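See below for the structure under consideration.
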Amino acid sequence: MKKEENISVLLNTEYDFVIENGTVIDPKSEMRTIANVAIKDGKVDVITRADLKGKEKADASGKIVCPGFIDPHCHVDGYLYNGQCYAKMGVTTAITGNCGFGPYPIKDFVQRINQEGFPINHGTLVGHSFDMRTMVGLEDPFKEATSKEIQEMVRIAEEALEQGALGISLGLEYAPATTKEEIHALARLAAKYDKVMPVHSRSDSWGSVKALREIVKIQEDTGVRVLVSHLTYQNGMGMMKESLPIIEKAYREGYKIGVDSGAYHAFATYIGSEVFCEGWLEKYDCIYEDVLVSSGPHIGKRLNEALYKEILETDPKTLCTAFVGKEYEVIEAMQQPYVMVSTDGAVGSHEPGTGHPQDAGTYPKVFGRFVREMNAFSMMEAVTKCTLMPAEFFGLDNKGWIGTGADADIVVFNPKTIIDKAEYSGLGIPDAPPEGIDWVFVNGEPIIRNGELIEDARPGKAICQKNKIWTL
Ligand SMILES: [Zn+2]
């Protein structure tokens with residue numbers, strides 16, 4: 001087709017949706033320009049400065065128009081409430097089943113998402129350290145697997161990959177008896193199909209540097225593409241300076257390794273959990289007052305020795321938030337060019353009013369606080385970390401960029417006002433929606449319209465990949 005004809009086709013087409021006059025950012029081509037984005041049949045059809053006809057239009061003057069955010073590490077696990085919270089913060093694709101647990105059987109998950117729909121696109125991994133171990137009868141995380149049990153886990157994992165799991169996730173901290181043989185058997189399977197192996201390392205805090213080396217070694221020994229899960233939540237307790245050179249060396253030597261990292265420096269869990277077992281003050285190098293009570297009658301109070309003992313005895317299910325991470329290490333990690341943004345959100349918080357602020361604030365925090373307020377990295381870098389990098393690592397070819405033929409997963413936000421509002425329980429509302437996100441499109445259909453969630457919209461699809469293997 002000649003150029004003139006091409007333009008006349010554009011001008012005569014009525015598009016499903018046209019996003020007009022926004023500042024379009026495409027991380028793949030590193031393009032940043034003011035243009036109109038036209039959507040047709042769930043895809044981006046064209047990006048142009050020409051005036052286009054659309055069944056519907058949105059004015060994006062002064063706003064950023066970029067690919068929707070892709071969260072490589074979450075625990076949304078098919079829960080509608082979390083899917084909607086994620087849409088509100090600009091996420092259009094979420095990968096769940098991390099840290100060794102998630103939806104199962106995979107075919108039921110895929111079928112349900114595709115039949116019922118979901119607010120956002122949703123893919124899953126198959127989990128090892130809780131799920132597969134339990135399935136072969138290893139309820140005790142301190143018990144080593146026999147070679148027969150390992151074989152059975154490999155069988156389960158292979159079936160899950162065939163049914164559409166995007167990889168195999170490990171939560172080594174939760175299953176300390178996991179052996180090298182066990183990891184290698186699963187890693188070789190993932191490597192055979194070139195699937196991803198996200199690893200929640202064996203230890204946070206003091207043991208985190210050694211635990212990181214173990215992940216690099218898994219890739220070296222088996223060839224699997226490893227993804228270091230939530231780096232800051234493992235190594236961001238004063239160990240970042242020692243940790244980053246390990247990853248950099250691996251990159252220089254050509255290792256297939258990815259890294260995702262969160263935006264917060266405090267974690268929340270039950271006071272009766274293993275985290276607060278004897279020796280926790282030393283382990284986290286903290287004092288009682290570093291911990292905030294986040295549920296129950298003492299909500300909002302800082303711990304002291306007496307209150308700790310009282311709550312532990314009377315109500316061990318009380319949620320506590322431990323401010324034991326280093327805030328500057330959150331930034332230090334995220335500034336590295338190889339680190340992508342993740343939430344680690346929605347862990348067990350599938351109801352309104354619960355959870356960690358990462359569930360509702362991660363991406364607006366990155367753009368509002370880290371980019372705008374702190375200038376920690378550029379807008380283009382931030383968009384890349386939140387879109388193209390996870391898409392490429394997981395092999396999602398039509399996602400993470402914006403241009404002709406890309407899936408129309410798009411977020412439109414105001415760079416001057418985007419901000420997170422979610423706060424730790426006890427300090428504020430943990431799932432308060434962010435401000436400054438005007439439109440979110442999933443497969444060409446709005447899920448956020450003029451800043452409001454469309455409650456009954458379910459444009460999301462299950463993300464699956466076929467198992468491919470080299471044949472000669
Ligand atoms: Zn984890």
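Letters A, B, ... go to the chains of the structure tokens in the order shown; residues in each chain start at 1; ligands are counted from 1 in the same order.
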
May I ask you to write as JSON, numbers by chain all residues lying at most 10 Å from ligand 1, with only C-alpha atoms and all ligand atoms counted? {"A": [73, 74, 75, 97, 98, 99, 100, 101, 169, 170, 171, 172, 173, 174, 198, 199, 200, 201, 228, 229, 230, 231, 233, 234, 344, 345, 347]}

For Lys55 of chain A, find every residue with an atom within 12 Å (counting only C-alpha atoms), except residues of its own chain fewer than 5 positions away, and show them as a ChimeraX atom specification. /A:13-19,38-40

DSSP on the backbone, then: every residue of segment 320-472 of chain A marked strand (DSSP E or B), written as a PyMOL selection string. chain A and resi 320-322+339-341+407+410-413+419+425+428+435+437-442+445-449+452-453+460+462-463

Could you save the residues just selected, with N, CA, C and O atoms, as a short mmCIF file (atom, residue, chain, number, x, y, z; two decimals), in the first residue's frame?
data_model
loop_
_atom_site.label_atom_id
_atom_site.label_comp_id
_atom_site.auth_asym_id
_atom_site.auth_seq_id
_atom_site.Cartn_x
_atom_site.Cartn_y
_atom_site.Cartn_z
N CYS A 320 1.40 -7.92 62.89
CA CYS A 320 2.39 -6.91 63.27
C CYS A 320 3.21 -6.50 62.06
O CYS A 320 3.52 -7.33 61.21
N THR A 321 3.56 -5.22 61.98
CA THR A 321 4.37 -4.72 60.87
C THR A 321 5.76 -4.41 61.41
O THR A 321 5.90 -3.60 62.33
N ALA A 322 6.76 -5.05 60.83
CA ALA A 322 8.13 -4.88 61.31
C ALA A 322 8.91 -3.96 60.38
O ALA A 322 9.13 -4.30 59.21
N VAL A 339 17.08 -4.45 37.61
CA VAL A 339 16.02 -4.76 38.58
C VAL A 339 14.66 -4.30 38.07
O VAL A 339 14.49 -3.15 37.68
N MET A 340 13.70 -5.23 38.04
CA MET A 340 12.33 -4.87 37.67
C MET A 340 11.48 -4.72 38.94
O MET A 340 11.84 -5.24 40.00
N VAL A 341 10.36 -4.01 38.79
CA VAL A 341 9.51 -3.73 39.95
C VAL A 341 8.51 -4.87 40.15
O VAL A 341 7.94 -5.39 39.19
N ASP A 407 -0.60 -5.92 22.35
CA ASP A 407 -1.86 -6.03 23.08
C ASP A 407 -2.20 -4.65 23.66
O ASP A 407 -1.31 -3.97 24.18
N ILE A 410 -2.92 -0.82 28.46
CA ILE A 410 -2.38 0.55 28.48
C ILE A 410 -2.78 1.25 29.78
O ILE A 410 -3.89 1.06 30.28
N VAL A 411 -1.87 2.06 30.31
CA VAL A 411 -2.23 2.89 31.47
C VAL A 411 -2.01 4.35 31.09
O VAL A 411 -1.07 4.68 30.37
N VAL A 412 -2.93 5.18 31.54
CA VAL A 412 -2.83 6.63 31.33
C VAL A 412 -2.80 7.28 32.70
O VAL A 412 -3.74 7.13 33.48
N PHE A 413 -1.69 7.96 33.01
CA PHE A 413 -1.60 8.57 34.34
C PHE A 413 -1.02 9.97 34.26
O PHE A 413 -0.35 10.33 33.29
N ILE A 419 0.20 9.22 42.86
CA ILE A 419 0.74 8.99 44.21
C ILE A 419 -0.01 7.84 44.89
O ILE A 419 -1.19 7.63 44.65
N SER A 425 -1.50 -0.93 58.13
CA SER A 425 -2.59 -1.01 59.11
C SER A 425 -2.06 -0.50 60.43
O SER A 425 -0.99 -0.90 60.88
N GLY A 428 -2.86 3.80 58.73
CA GLY A 428 -3.79 4.28 57.71
C GLY A 428 -4.54 3.12 57.10
O GLY A 428 -4.64 2.04 57.69
N GLU A 435 -3.94 7.89 43.63
CA GLU A 435 -4.48 9.01 42.86
C GLU A 435 -3.64 9.20 41.60
O GLU A 435 -2.47 8.83 41.58
N ILE A 437 -4.24 8.03 38.44
CA ILE A 437 -4.33 7.06 37.33
C ILE A 437 -5.71 7.20 36.71
O ILE A 437 -6.71 6.94 37.37
N ASP A 438 -5.76 7.65 35.46
CA ASP A 438 -7.03 8.03 34.84
C ASP A 438 -7.69 6.89 34.07
O ASP A 438 -8.90 6.72 34.13
N TRP A 439 -6.87 6.19 33.29
CA TRP A 439 -7.42 5.12 32.46
C TRP A 439 -6.53 3.91 32.52
O TRP A 439 -5.30 4.03 32.51
N VAL A 440 -7.14 2.75 32.58
CA VAL A 440 -6.39 1.51 32.43
C VAL A 440 -7.18 0.64 31.45
O VAL A 440 -8.38 0.41 31.65
N PHE A 441 -6.50 0.21 30.40
CA PHE A 441 -7.11 -0.66 29.39
C PHE A 441 -6.49 -2.04 29.49
O PHE A 441 -5.27 -2.17 29.63
N VAL A 442 -7.32 -3.06 29.42
CA VAL A 442 -6.82 -4.44 29.37
C VAL A 442 -7.42 -5.07 28.12
O VAL A 442 -8.65 -5.09 27.96
N GLU A 445 -10.05 -2.94 26.42
CA GLU A 445 -11.28 -2.56 27.10
C GLU A 445 -10.94 -1.80 28.40
O GLU A 445 -10.08 -2.26 29.15
N PRO A 446 -11.62 -0.69 28.67
CA PRO A 446 -11.29 0.02 29.91
C PRO A 446 -11.73 -0.76 31.15
O PRO A 446 -12.83 -1.31 31.18
N ILE A 447 -10.84 -0.79 32.12
CA ILE A 447 -11.20 -1.33 33.45
C ILE A 447 -11.21 -0.18 34.46
O ILE A 447 -11.97 -0.20 35.42
N ILE A 448 -10.40 0.85 34.17
CA ILE A 448 -10.48 2.12 34.90
C ILE A 448 -10.85 3.19 33.89
O ILE A 448 -10.19 3.34 32.86
N ARG A 449 -11.92 3.93 34.19
CA ARG A 449 -12.41 4.98 33.28
C ARG A 449 -12.48 6.29 34.06
O ARG A 449 -13.15 6.35 35.09
N GLU A 452 -12.14 5.89 37.70
CA GLU A 452 -13.08 5.03 38.43
C GLU A 452 -13.01 3.59 37.93
O GLU A 452 -12.98 3.34 36.72
N LEU A 453 -13.04 2.66 38.87
CA LEU A 453 -13.07 1.25 38.51
C LEU A 453 -14.42 0.89 37.88
O LEU A 453 -15.47 1.28 38.39
N GLY A 460 -9.67 -9.29 31.35
CA GLY A 460 -8.41 -10.03 31.47
C GLY A 460 -8.49 -11.46 30.98
O GLY A 460 -9.56 -12.08 31.00
N ALA A 462 -6.28 -15.42 30.78
CA ALA A 462 -5.20 -16.22 31.37
C ALA A 462 -3.98 -16.14 30.45
O ALA A 462 -4.12 -16.21 29.23
N ILE A 463 -2.83 -15.98 31.08
CA ILE A 463 -1.59 -15.97 30.31
C ILE A 463 -1.00 -17.37 30.36
O ILE A 463 -0.69 -17.88 31.43
#

Selection near segment 121-129 of chain A, 9 Å with only C-alpha atoms, sequence-local residues under 4 positions removed, as a CSV table (one decimal) with N, CA, C and O atoms, in the first residue's frame:
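To be explicit, this is the file written out as result06.csv:
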chain,number,residue,atom,x,y,z
A,76,VAL,N,-1.9,-12.7,43.9
A,76,VAL,CA,-3.3,-12.4,43.6
A,76,VAL,C,-4.2,-13.7,43.5
A,76,VAL,O,-5.3,-13.7,44.0
A,77,ASP,N,-3.6,-14.8,43.0
A,77,ASP,CA,-4.2,-16.1,43.0
A,77,ASP,C,-5.6,-16.2,42.6
A,77,ASP,O,-6.4,-17.0,43.1
A,78,GLY,N,-6.0,-15.3,41.6
A,78,GLY,CA,-7.3,-15.4,41.1
A,78,GLY,C,-8.4,-14.7,41.9
A,78,GLY,O,-9.6,-14.8,41.6
A,83,GLY,N,-7.5,-8.4,42.2
A,83,GLY,CA,-7.4,-8.1,40.7
A,83,GLY,C,-7.9,-6.7,40.5
A,83,GLY,O,-7.3,-5.9,39.7
A,91,VAL,N,-1.9,-1.9,37.0
A,91,VAL,CA,-1.4,-3.3,36.6
A,91,VAL,C,-2.4,-3.9,35.6
A,91,VAL,O,-3.6,-3.9,35.9
A,92,THR,N,-1.8,-4.3,34.5
A,92,THR,CA,-2.7,-5.0,33.5
A,92,THR,C,-2.4,-6.5,33.4
A,92,THR,O,-3.2,-7.2,32.8
A,93,THR,N,-1.2,-6.9,33.9
A,93,THR,CA,-0.9,-8.3,33.9
A,93,THR,C,-0.2,-8.7,35.3
A,93,THR,O,0.7,-8.0,35.6
A,94,ALA,N,-0.7,-9.7,35.9
A,94,ALA,CA,-0.1,-10.1,37.2
A,94,ALA,C,0.3,-11.6,37.2
A,94,ALA,O,-0.5,-12.4,36.7
A,95,ILE,N,1.5,-11.9,37.6
A,95,ILE,CA,1.9,-13.3,37.6
A,95,ILE,C,2.0,-13.7,39.1
A,95,ILE,O,2.6,-13.2,39.9
A,96,THR,N,1.2,-14.8,39.3
A,96,THR,CA,1.0,-15.2,40.7
A,96,THR,C,1.6,-16.6,40.8
A,96,THR,O,2.3,-17.1,39.9
A,97,GLY,N,1.4,-17.2,42.0
A,97,GLY,CA,1.9,-18.6,42.2
A,97,GLY,C,3.4,-18.5,42.6
A,97,GLY,O,4.1,-19.5,42.4
A,98,ASN,N,3.8,-17.4,43.2
A,98,ASN,CA,5.2,-17.2,43.6
A,98,ASN,C,5.5,-17.8,45.0
A,98,ASN,O,4.6,-18.2,45.7
A,99,CYS,N,6.7,-17.8,45.4
A,99,CYS,CA,7.2,-18.2,46.7
A,99,CYS,C,6.9,-19.7,47.1
A,99,CYS,O,6.8,-20.0,48.2
A,100,GLY,N,6.6,-20.5,46.0
A,100,GLY,CA,6.3,-21.9,46.3
A,100,GLY,C,4.9,-22.3,46.5
A,100,GLY,O,4.6,-23.4,46.9
A,101,PHE,N,3.9,-21.3,46.3
A,101,PHE,CA,2.5,-21.7,46.5
A,101,PHE,C,1.6,-20.8,45.6
A,101,PHE,O,2.0,-19.7,45.2
A,102,GLY,N,0.5,-21.4,45.2
A,102,GLY,CA,-0.4,-20.7,44.3
A,102,GLY,C,-1.6,-21.5,43.9
A,102,GLY,O,-1.8,-22.6,44.5
A,103,PRO,N,-2.3,-21.1,42.8
A,103,PRO,CA,-3.4,-21.8,42.4
A,103,PRO,C,-3.0,-23.2,41.9
A,103,PRO,O,-2.0,-23.4,41.3
A,104,TYR,N,-3.9,-24.2,42.1
A,104,TYR,CA,-3.7,-25.5,41.6
A,104,TYR,C,-5.0,-26.3,41.6
A,104,TYR,O,-5.8,-26.0,42.5
A,105,PRO,N,-5.3,-27.1,40.7
A,105,PRO,CA,-4.6,-27.5,39.4
A,105,PRO,C,-4.5,-26.3,38.5
A,105,PRO,O,-5.5,-25.5,38.4
A,106,ILE,N,-3.5,-26.2,37.7
A,106,ILE,CA,-3.3,-25.1,36.8
A,106,ILE,C,-4.4,-25.0,35.7
A,106,ILE,O,-4.8,-23.9,35.4
A,109,PHE,N,-7.4,-23.2,37.0
A,109,PHE,CA,-7.1,-21.8,37.1
A,109,PHE,C,-7.3,-21.1,35.8
A,109,PHE,O,-8.0,-20.1,35.6
A,110,VAL,N,-6.6,-21.7,34.8
A,110,VAL,CA,-6.6,-21.2,33.4
A,110,VAL,C,-8.1,-21.1,32.9
A,110,VAL,O,-8.5,-20.1,32.3
A,113,ILE,N,-10.2,-18.4,34.7
A,113,ILE,CA,-9.9,-17.0,34.2
A,113,ILE,C,-10.5,-16.8,32.8
A,113,ILE,O,-11.1,-15.8,32.6
A,117,GLY,N,-13.5,-14.6,33.0
A,117,GLY,CA,-12.8,-13.3,32.9
A,117,GLY,C,-12.2,-12.9,34.2
A,117,GLY,O,-12.5,-13.5,35.2
A,133,ARG,N,5.4,-30.1,47.6
A,133,ARG,CA,5.9,-30.9,48.7
A,133,ARG,C,4.8,-31.5,49.4
A,133,ARG,O,4.8,-32.7,49.8
A,134,THR,N,3.7,-30.7,49.7
A,134,THR,CA,2.5,-31.3,50.4
A,134,THR,C,1.9,-32.4,49.5
A,134,THR,O,1.5,-33.4,50.1
A,141,PRO,N,8.2,-29.2,56.7
A,141,PRO,CA,9.2,-28.5,55.8
A,141,PRO,C,10.6,-28.8,56.2
A,141,PRO,O,11.6,-28.5,55.5
A,153,MET,N,7.4,-35.1,42.3
A,153,MET,CA,7.3,-33.6,42.1
A,153,MET,C,7.6,-33.2,40.7
A,153,MET,O,6.9,-32.3,40.1
A,157,ALA,N,5.1,-31.2,38.3
A,157,ALA,CA,5.5,-29.9,37.7
A,157,ALA,C,5.4,-30.0,36.1
A,157,ALA,O,4.9,-29.0,35.5
A,160,ALA,N,1.9,-29.5,35.2
A,160,ALA,CA,1.5,-28.1,35.4
A,160,ALA,C,2.0,-27.2,34.2
A,160,ALA,O,1.3,-26.4,33.8
A,161,LEU,N,3.2,-27.5,33.8
A,161,LEU,CA,3.8,-26.7,32.7
A,161,LEU,C,3.0,-26.9,31.4
A,161,LEU,O,2.7,-26.0,30.7
A,164,GLY,N,-0.1,-24.9,31.3
A,164,GLY,CA,0.0,-23.5,31.1
A,164,GLY,C,0.7,-22.7,32.2
A,164,GLY,O,0.7,-21.5,32.2
A,165,ALA,N,1.3,-23.4,33.2
A,165,ALA,CA,2.1,-22.7,34.2
A,165,ALA,C,3.3,-22.0,33.5
A,165,ALA,O,3.9,-22.6,32.6
A,166,LEU,N,3.6,-20.8,34.0
A,166,LEU,CA,4.7,-20.0,33.3
A,166,LEU,C,6.1,-20.4,33.8
A,166,LEU,O,7.1,-19.9,33.3
A,167,GLY,N,6.1,-21.2,34.9
A,167,GLY,CA,7.4,-21.6,35.5
A,167,GLY,C,7.1,-22.3,36.8
A,167,GLY,O,6.0,-22.7,37.1
A,168,ILE,N,8.2,-22.6,37.5
A,168,ILE,CA,8.1,-23.3,38.8
A,168,ILE,C,8.7,-22.4,39.8
A,168,ILE,O,9.9,-21.9,39.7
A,169,SER,N,7.9,-22.0,40.9
A,169,SER,CA,8.4,-21.1,41.9
A,169,SER,C,8.9,-21.9,43.1
A,169,SER,O,8.3,-22.9,43.5
A,170,LEU,N,10.0,-21.4,43.7
A,170,LEU,CA,10.5,-22.0,44.9
A,170,LEU,C,10.4,-21.0,46.1
A,170,LEU,O,10.6,-19.8,45.9
A,171,GLY,N,10.1,-21.5,47.3
A,171,GLY,CA,10.1,-20.6,48.5
A,171,GLY,C,11.0,-21.3,49.5
A,171,GLY,O,10.5,-21.9,50.5
A,172,LEU,N,12.3,-21.3,49.2
A,172,LEU,CA,13.3,-22.1,50.0
A,172,LEU,C,13.3,-21.8,51.5
A,172,LEU,O,13.5,-22.6,52.3
A,173,GLU,N,13.0,-20.5,51.8
A,173,GLU,CA,12.9,-20.1,53.2
A,173,GLU,C,11.9,-20.9,54.0
A,173,GLU,O,12.0,-21.2,55.2
A,174,TYR,N,10.8,-21.3,53.3
A,174,TYR,CA,9.7,-22.0,53.9
A,174,TYR,C,9.8,-23.5,53.9
A,174,TYR,O,9.0,-24.2,54.6
A,175,ALA,N,10.8,-24.0,53.2
A,175,ALA,CA,11.0,-25.5,53.2
A,175,ALA,C,12.5,-25.7,53.3
A,175,ALA,O,13.2,-26.0,52.4
A,178,THR,N,14.8,-28.5,51.7
A,178,THR,CA,14.9,-28.7,50.3
A,178,THR,C,16.4,-28.9,49.9
A,178,THR,O,17.2,-28.1,50.2
A,186,LEU,N,13.9,-30.1,39.5
A,186,LEU,CA,12.9,-29.2,39.0
A,186,LEU,C,13.4,-28.1,38.1
A,186,LEU,O,12.8,-27.7,37.1
A,196,VAL,N,10.6,-20.1,33.4
A,196,VAL,CA,11.2,-19.4,34.5
A,196,VAL,C,11.2,-20.1,35.8
A,196,VAL,O,10.2,-20.7,36.1
A,197,MET,N,12.2,-19.9,36.6
A,197,MET,CA,12.2,-20.4,38.0
A,197,MET,C,12.4,-19.2,39.0
A,197,MET,O,13.6,-18.9,39.3
A,198,PRO,N,11.3,-18.6,39.5
A,198,PRO,CA,11.5,-17.6,40.5
A,198,PRO,C,11.9,-18.2,41.8
A,198,PRO,O,11.3,-19.2,42.2
A,442,VAL,N,-7.3,-3.1,29.4
A,442,VAL,CA,-6.8,-4.4,29.4
A,442,VAL,C,-7.4,-5.1,28.1
A,442,VAL,O,-8.7,-5.1,28.0
A,443,ASN,N,-6.6,-5.5,27.2
A,443,ASN,CA,-7.0,-6.1,25.9
A,443,ASN,C,-8.0,-5.1,25.2
A,443,ASN,O,-9.0,-5.6,24.7
A,459,PRO,N,-12.0,-7.8,31.4
A,459,PRO,CA,-11.4,-8.0,30.1
A,459,PRO,C,-10.1,-8.9,30.1
A,459,PRO,O,-9.5,-9.2,29.1
A,460,GLY,N,-9.7,-9.3,31.3
A,460,GLY,CA,-8.4,-10.0,31.5
A,460,GLY,C,-8.5,-11.5,31.0
A,460,GLY,O,-9.6,-12.1,31.0
A,461,LYS,N,-7.4,-12.0,30.5
A,461,LYS,CA,-7.3,-13.4,30.1
A,461,LYS,C,-6.2,-14.1,30.8
A,461,LYS,O,-5.3,-13.5,31.4
A,462,ALA,N,-6.3,-15.4,30.8
A,462,ALA,CA,-5.2,-16.2,31.4
A,462,ALA,C,-4.0,-16.1,30.4
A,462,ALA,O,-4.1,-16.2,29.2
A,463,ILE,N,-2.8,-16.0,31.1
A,463,ILE,CA,-1.6,-16.0,30.3
A,463,ILE,C,-1.0,-17.4,30.4
A,463,ILE,O,-0.7,-17.9,31.4
A,464,CYS,N,-0.9,-18.0,29.2
A,464,CYS,CA,-0.3,-19.3,29.1
A,464,CYS,C,0.8,-19.3,28.0
A,464,CYS,O,0.7,-18.5,27.2

Using Å and a single decimal, report how far atom CA of Tyr251 of chain A sits from atom CA of Ser29 of chain A.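 Distance reported for this atom pair: 22.9 Å.
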
Using 9 Å as the limit and counting only C-alpha atoms, can you tabulate each residue of segment 422-441 of chain A that touches segment 293-306 of chain A, with its shortest atom-to-atom distance in Å and the two atoms involved, as a tab-separated table?
residue	atom	partner	partner_atom	distance
A:Tyr424	CA	A:Ser294	CA	7.3
A:Ser425	CA	A:Ser294	CA	4.8
A:Gly426	CA	A:Gly300	CA	3.8
A:Leu427	CA	A:Gly300	CA	6.1

Let me see the file: selected residues, all heavy atoms, as an mmCIF file, in the first residue's frame.
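Dumped everything to result.cif:
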data_model
loop_
_atom_site.group_PDB
_atom_site.id
_atom_site.type_symbol
_atom_site.label_atom_id
_atom_site.label_comp_id
_atom_site.auth_asym_id
_atom_site.auth_seq_id
_atom_site.Cartn_x
_atom_site.Cartn_y
_atom_site.Cartn_z
ATOM 1 N N TYR A 424 0.305 1.356 56.077
ATOM 2 C CA TYR A 424 0.303 0.174 56.944
ATOM 3 C C TYR A 424 -0.889 0.233 57.896
ATOM 4 O O TYR A 424 -1.224 1.306 58.415
ATOM 5 C CB TYR A 424 1.591 0.116 57.762
ATOM 6 C CG TYR A 424 2.820 -0.042 56.914
ATOM 7 C CD1 TYR A 424 3.608 1.053 56.585
ATOM 8 C CD2 TYR A 424 3.181 -1.293 56.425
ATOM 9 C CE1 TYR A 424 4.737 0.918 55.787
ATOM 10 C CE2 TYR A 424 4.306 -1.437 55.618
ATOM 11 C CZ TYR A 424 5.082 -0.332 55.313
ATOM 12 O OH TYR A 424 6.179 -0.477 54.506
ATOM 13 N N SER A 425 -1.500 -0.933 58.129
ATOM 14 C CA SER A 425 -2.589 -1.015 59.105
ATOM 15 C C SER A 425 -2.055 -0.499 60.434
ATOM 16 O O SER A 425 -0.992 -0.904 60.882
ATOM 17 C CB SER A 425 -3.018 -2.459 59.309
ATOM 18 O OG SER A 425 -3.814 -2.867 58.257
ATOM 19 N N GLY A 426 -2.820 0.372 61.051
ATOM 20 C CA GLY A 426 -2.345 0.989 62.281
ATOM 21 C C GLY A 426 -1.885 2.408 62.023
ATOM 22 O O GLY A 426 -1.878 3.246 62.915
ATOM 23 N N LEU A 427 -1.506 2.697 60.775
ATOM 24 C CA LEU A 427 -1.114 4.064 60.403
ATOM 25 C C LEU A 427 -2.119 4.661 59.423
ATOM 26 O O LEU A 427 -2.185 5.879 59.253
ATOM 27 C CB LEU A 427 0.262 4.071 59.732
ATOM 28 C CG LEU A 427 1.465 3.656 60.580
ATOM 29 C CD1 LEU A 427 2.729 3.672 59.730
ATOM 30 C CD2 LEU A 427 1.645 4.576 61.778
#

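Of the listed residues (A:Lys107, A:Arg252, A:Arg155, A:Lys309), A:Lys309 comes nearest to Glu278 of chain A; the distances count only C-alpha atoms.
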
Let's see if you can do this: from backbone DSSP, list all helix (DSSP H, G or I) residues in segment 35-133 of chain A, as a count of residues only. 26

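Of the residues listed (A:Leu396, A:Phe367, A:Arg112, A:Phe267), A:Phe367 shows the shortest atom-to-atom separation from Met380 of chain A; distances use only C-alpha atoms.
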